[in-house]
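S.K.: Questions regarding the structure given below will be posed in turn.
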Amino acid sequence: MNIKFLPLLALSAFAGMEATAQELTSKIPAHADFVVSINNKAIVEQSSMELLNETLTKLGAFEQAKNMDFPIKNLKELDFNLDKQAYVYRANTDSLHYIGILLPLKANHQVKQHMFPQYEVLPIYNGYERRVSKDGKTQVAWNSETMFILTGDVHSQYFQMKDVADRYGLDLGSYATDTWTYNEALGDAATAATAAAEEAVEAMEEETFESEEEILPDTVNVLEEISEAEMEAVEAVVDSTIAISADQWDDSVDTVEAYDLESDSLYLLNQAREAKNDSIKNKLFGTWLANDFNGYLDPKSNMANNKAIKLTDNKHLIRLWVPNVDKLYQGALPYDVLKLAYGIDMDKFKYGYEEGTFDLIQDQHTIKFTGTLGVDAEMAKIFKPLYNGKINKKFAKYIPENHLAYAAVNINTEAYLKQLPALVNRWYAPIAGEYSDVVTIGATALEIALDEKAIGKVMKGDHAFFLNDLQKVNKEYVTYEYDDDYNYKEITKMKDEYVPNFLWMFTSQDQRLYKRTLDFAVKKQEVTLENGIYKIAEQKNIKPIYILFKEDLVFVGSDVEQLTSIEQNRFKGTKNAKVKKDLLANPFNLVVHANAIPEVVHKLEVPVTASLQQTMKDLSTYGDIQLKGSTLKNRQFSGELSIELPKEDKNALQYILKHIMQNMDSKIAN
């Protein structure tokens with residue numbers, strides 16, 4: 001072969017791969033609430049096919065396939081192309097939501113022979129083979145490269161609205177009633193109603209959907225699908241009941257049988273009503289799905305050019321992309337219920353959150369969960385000043401060399417108080433209903449009353465808290481001794497216990513309020529002052545607390561020796577550059593040294609169940625668990641949760657999968 005043709009062939013192959021990826025993303029509608037991207041190739045390469053097969057087998061993933069015409073025993077037998085990305089998305093309307101699943105297929109796949117044997121066959125559409133489940137709630141289509149599955153369900157709260165219920169013939173009934181009823185025929189009638197309703201549902205499940213010809217049903221069409229026998233049975237229950245008011249009740253009739261019959265009959269009647277409503281809603285969803293399917297199979301407006309949902313880095317295993325976090329959050333709330341019950345108009349409630357991206361990443365032996373969240377221009381204007389202050393660099397001098405965990409936060413107090421009225425007006429006033437003006441007035445009064453600059457000097461807003469270790473203390477406790485006649489007397493004893501030892505520091509450029517308060521407590525003999533260190537005496541078995549003021553820093557701790565060393569300039573801080581860098585760089589930082597957790601749990605005598613004992617042992621081999629957040633950049637926040645796993649395997653993913661198998665084996669053995 002002429003070597004000159006190699007670049008051309010490579011370019012052609014790459015173009016083919018891009019076309020396949022674009023073909024999948026072009027089937028994601030532009031109005032999707034969220035998209036999950038699954039990097040199949042990275043997952044397989046980072047874990048190995050053999051390890052994945054073994055893990056899935058032990059988890060029972062292939063058990064469901066045993067009853068198929070073509071049982072699957074491992075991933076290699078699947079018709080899916082594991083070298084390419086798969087996608088899952090959700091599309092939402094006021095009445096229902098759809099879940100779409102897009103899977104790349106192998107060349108010369110045999111989906112037709114291997115999958116969906118129980119599904120009904122539908123006419124071929126644009127070269128796609130099609131199937132539909134017997135209940136009509138799942139539709140499937142595939143061609144030579146792609147499989148598309150569309151399913152979902154209705155929004156229950158949508159059908160709770162009276163006008164919607166009336167439109168589709170739903171019975172919103174209630175358990176509540178001013179009178180109660182009794183009749184011997186009630187139980188039989190209610191049972192008949194339930195049976196009839198179940199028959200109606202089963203009858204509808206046997207229907208097939210001809211989506212090319214079927215149109216959206218109106219109320220009459222839907223009600224015609226409900227069995228007349230069901231309606232007659234429900235009416236028979238109502239007609240056969242005899243209303244008895246409370247003053248007609250005969251107290252002499254006090255039998256369990258009568259009470260049970262009444263309760264059971266009402267329950268059965270409600271079951272019949274729910275069965276009728278469910279059958280209507282299921283029929284509606286099946287019809288809507290059939291009508292909408294072709295539009296979702298080839299959406300005119302799609303995400304083919306959306307780079308955010310395409311994973312190009314092998315470290316990225318899974319991504320959740322949300323085009324509008326506010327919209328997704330609002331869609332999960334029962335708007336109508338909140339408005340009817342509390343008068344809250346949630347349509348006006350907007351946090352100002354926009355696009356969000358959340359990733360699962362494997363970086364060698366570390367698993368990371370990262371996220372970015374965008375905000376609108378108004379919220380960016382509010383948030384930006386909160387993080388424009390620098391954390392006090394002197395903190396780095398006083399980081400304890402040995403500590404179990406630490407947390408640091410840096411939010412500009414002065415800026416926060418200045419922006420608080422705007423935040424209240426943006427977030428809370430719109431949902432306060434008739435009290436929105438009161439909330440606005442209160443926010444304005446707060447703005448006038450507060451001296452943000454003065455308060456900011458008292459406490460700047462940067463804090464660092466270190467859990468040093470656990471200290472052994474001898475504590476007094478009361479117990480009882482009993483004689484032979486069970487008479488007892490109190491006895492005071494001493495025992496050793498471990499208590500947390502901590503150091504908290506924050507910046508204060510105006511320390512007068514703290515000092516004057518403590519000096520007043522000294523006069524009242526509730527606090528002592530020695531060598532520049534205030535001591536708040538032990539109370540109710542709580543260790544003494546010590547407070548030190550040094551330059552523009554305030555130190556609060558439980559170890560007097562530690563504060564004394566700071567006061568005398570002989571404190572020896574950590575040499576760990578990473579701790580210093582993270583502390584100063586991030587406005588929020590939380591770190592737990594996981595390998596110290598088992599010892600802490602043991603010393604604090606925290607009970608550990610047998611099932612968690614192995615977990616405790618495992619934690620002793622972990623590194624750090626860290627949660628950190630960044631400042632606002634380009635109208636975006638970002639954050640990361642990372643877990644350093646043991647280095648006994650090739651990478652973090654392999655360690656996790658092997659651990660899952662070990663836990664499964666342990667459970668089977670027990």
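Residues are referred to by chain and number: the chain letter is A, B, ... according to the order shown in the structure tokens, the number counts from 1 in that chain, and ligands are numbered separately from 1 in the order shown.
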Just asking: which residues within range 439-668 of chain A are strand (DSSP E) according to DSSP, as JSON, numbers by chain?

M.R.: {"A": [462, 463, 464, 465, 466, 467, 468, 469, 470, 471, 472, 473, 474, 475, 476, 477, 478, 479, 480, 481, 482, 488, 489, 490, 491, 492, 493, 494, 495, 496, 497, 498, 499, 500, 501, 502, 503, 504, 505, 506, 507, 527, 528, 529, 530, 533, 534, 535, 536, 545, 546, 547, 548, 549, 550, 553, 554, 555, 556, 557, 588, 589, 590, 591, 592, 593, 624, 625, 626, 627, 628, 629, 636, 637, 638, 639, 640, 641, 642, 643, 644]}

S.K.: Do you know which residues are at most 7 Å from Gln85 in chain A counting only C-alpha atoms, after dropping those on the same chain fewer than 5 positions away, and could you put them as a compact mmCIF listing (two decimals) with N, CA, C and O atoms, in the first residue's frame?

M.R.:
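Resulting contents of result.txt:
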```
# COMPACT_ATOMS: atom_id res chain seq x y z
N SER A 37 -24.28 11.21 29.97
CA SER A 37 -23.36 10.64 28.99
C SER A 37 -22.54 9.54 29.68
O SER A 37 -21.97 9.78 30.74
N ILE A 38 -22.49 8.37 29.07
CA ILE A 38 -21.79 7.22 29.65
C ILE A 38 -20.63 6.86 28.73
O ILE A 38 -20.84 6.47 27.57
N ASN A 39 -19.42 6.99 29.24
CA ASN A 39 -18.22 6.72 28.45
C ASN A 39 -17.88 5.23 28.55
O ASN A 39 -17.03 4.81 29.34
N ASN A 40 -18.57 4.43 27.75
CA ASN A 40 -18.40 2.97 27.81
C ASN A 40 -16.95 2.54 27.62
O ASN A 40 -16.44 1.67 28.34
```

S.K.: Within 9 Å of range 559-568 of chain A, counting only C-alpha atoms, which residues show up once you throw out same-chain ones fewer than 5 positions away? Write them as a PyMOL selection string, please.

M.R.: chain A and resi 398+501-503+531-533+535+544-550

S.K.: Tell me, in Å to one decimal, how far CA of Leu317 in chain A is from CA of Val44 in chain A.

M.R.: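 Spanning CA of Leu317 in chain A to CA of Val44 in chain A is a straight-line distance of 9.8 Å.
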
S.K.: When distances are computed from only C-alpha atoms, which of A:Lys493, A:Lys397, A:Lys543, A:Lys41 shows the smallest separation from Lys580 in chain A?

M.R.: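 Distance minimum relative to Lys580 in chain A lands on A:Lys397.
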
S.K.: Excluding range 379-389 of chain A and its own-chain neighbours fewer than 5 positions away, which residues fall within 8 Å of it when counting only C-alpha atoms? Please give them as a list of chain:residue names.

M.R.: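 Once the nearby chain positions are removed, what remains is A:Gly352, A:Asn410, A:Ile411, A:Asn412, A:Thr413, A:Ala415, A:Tyr416, A:Gln419, A:Ala422, A:Leu423, A:Pro587, A:Thr631, A:Leu632, A:Arg635.
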
S.K.: Near range 23-27 of chain A, counting only C-alpha atoms, which residues have an atom at most 10 Å away, once you skip same-chain residues fewer than 3 positions from it, shown as a ChimeraX atom specification?

M.R.: /A:17-20,30,35,37,84-87,100-104,145-148,295-307,309-310

S.K.: What's the separation between CA of Gln330 in chain A and CA of Thr444 in chain A, in Å to one decimal place?

M.R.: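 Pair CA of Gln330 in chain A / CA of Thr444 in chain A returns 27.8 Å.
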
S.K.: Quick one: DSSP alpha helix (DSSP H) residues in range 256-454 of chain A, as a PyMOL selection string?

M.R.: chain A and resi 256-297+325-331+335-342+377-383+413-427+436-449+452-454

S.K.: Pick from A:Leu289, A:Ala405, A:Ala594, A:Leu518: nearest to Asp624 in chain A, with only C-alpha atoms counted?

M.R.: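 Going through A:Leu289, A:Ala405, A:Ala594, A:Leu518 one by one, the smallest distance to Asp624 in chain A is for A:Ala594.
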
S.K.: Which residue, A:Tyr406, A:Trp288, A:Tyr351, A:Tyr480, has the smallest gap to Asp582 in chain A when you use only C-alpha atoms?

M.R.: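 Nearest candidate to Asp582 in chain A out of A:Tyr406, A:Trp288, A:Tyr351, A:Tyr480: A:Tyr406.
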
S.K.: Find the spatial neighbours of range 45-53 of chain A, counting only C-alpha atoms, within a cut-off of 8 Å - ignore same-chain residues fewer than 5 positions away - and output them as a list in words.

M.R.: Asn74, Leu75, Asn651, Leu653, Gln654, Leu657 and Lys658 of chain A

S.K.: Nearest to Asp153 in chain A: which of A:Asp171, A:Asn92, A:His109, A:Tyr128 is it, counting only C-alpha atoms?

M.R.: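 Selected residue with least distance to Asp153 in chain A: A:Asn92.
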
S.K.: Counting only C-alpha atoms, which of A:Asp485, A:Pro400, A:Glu648, A:Ile455 gets nearest to Lys575 in chain A?

M.R.: A:Pro400
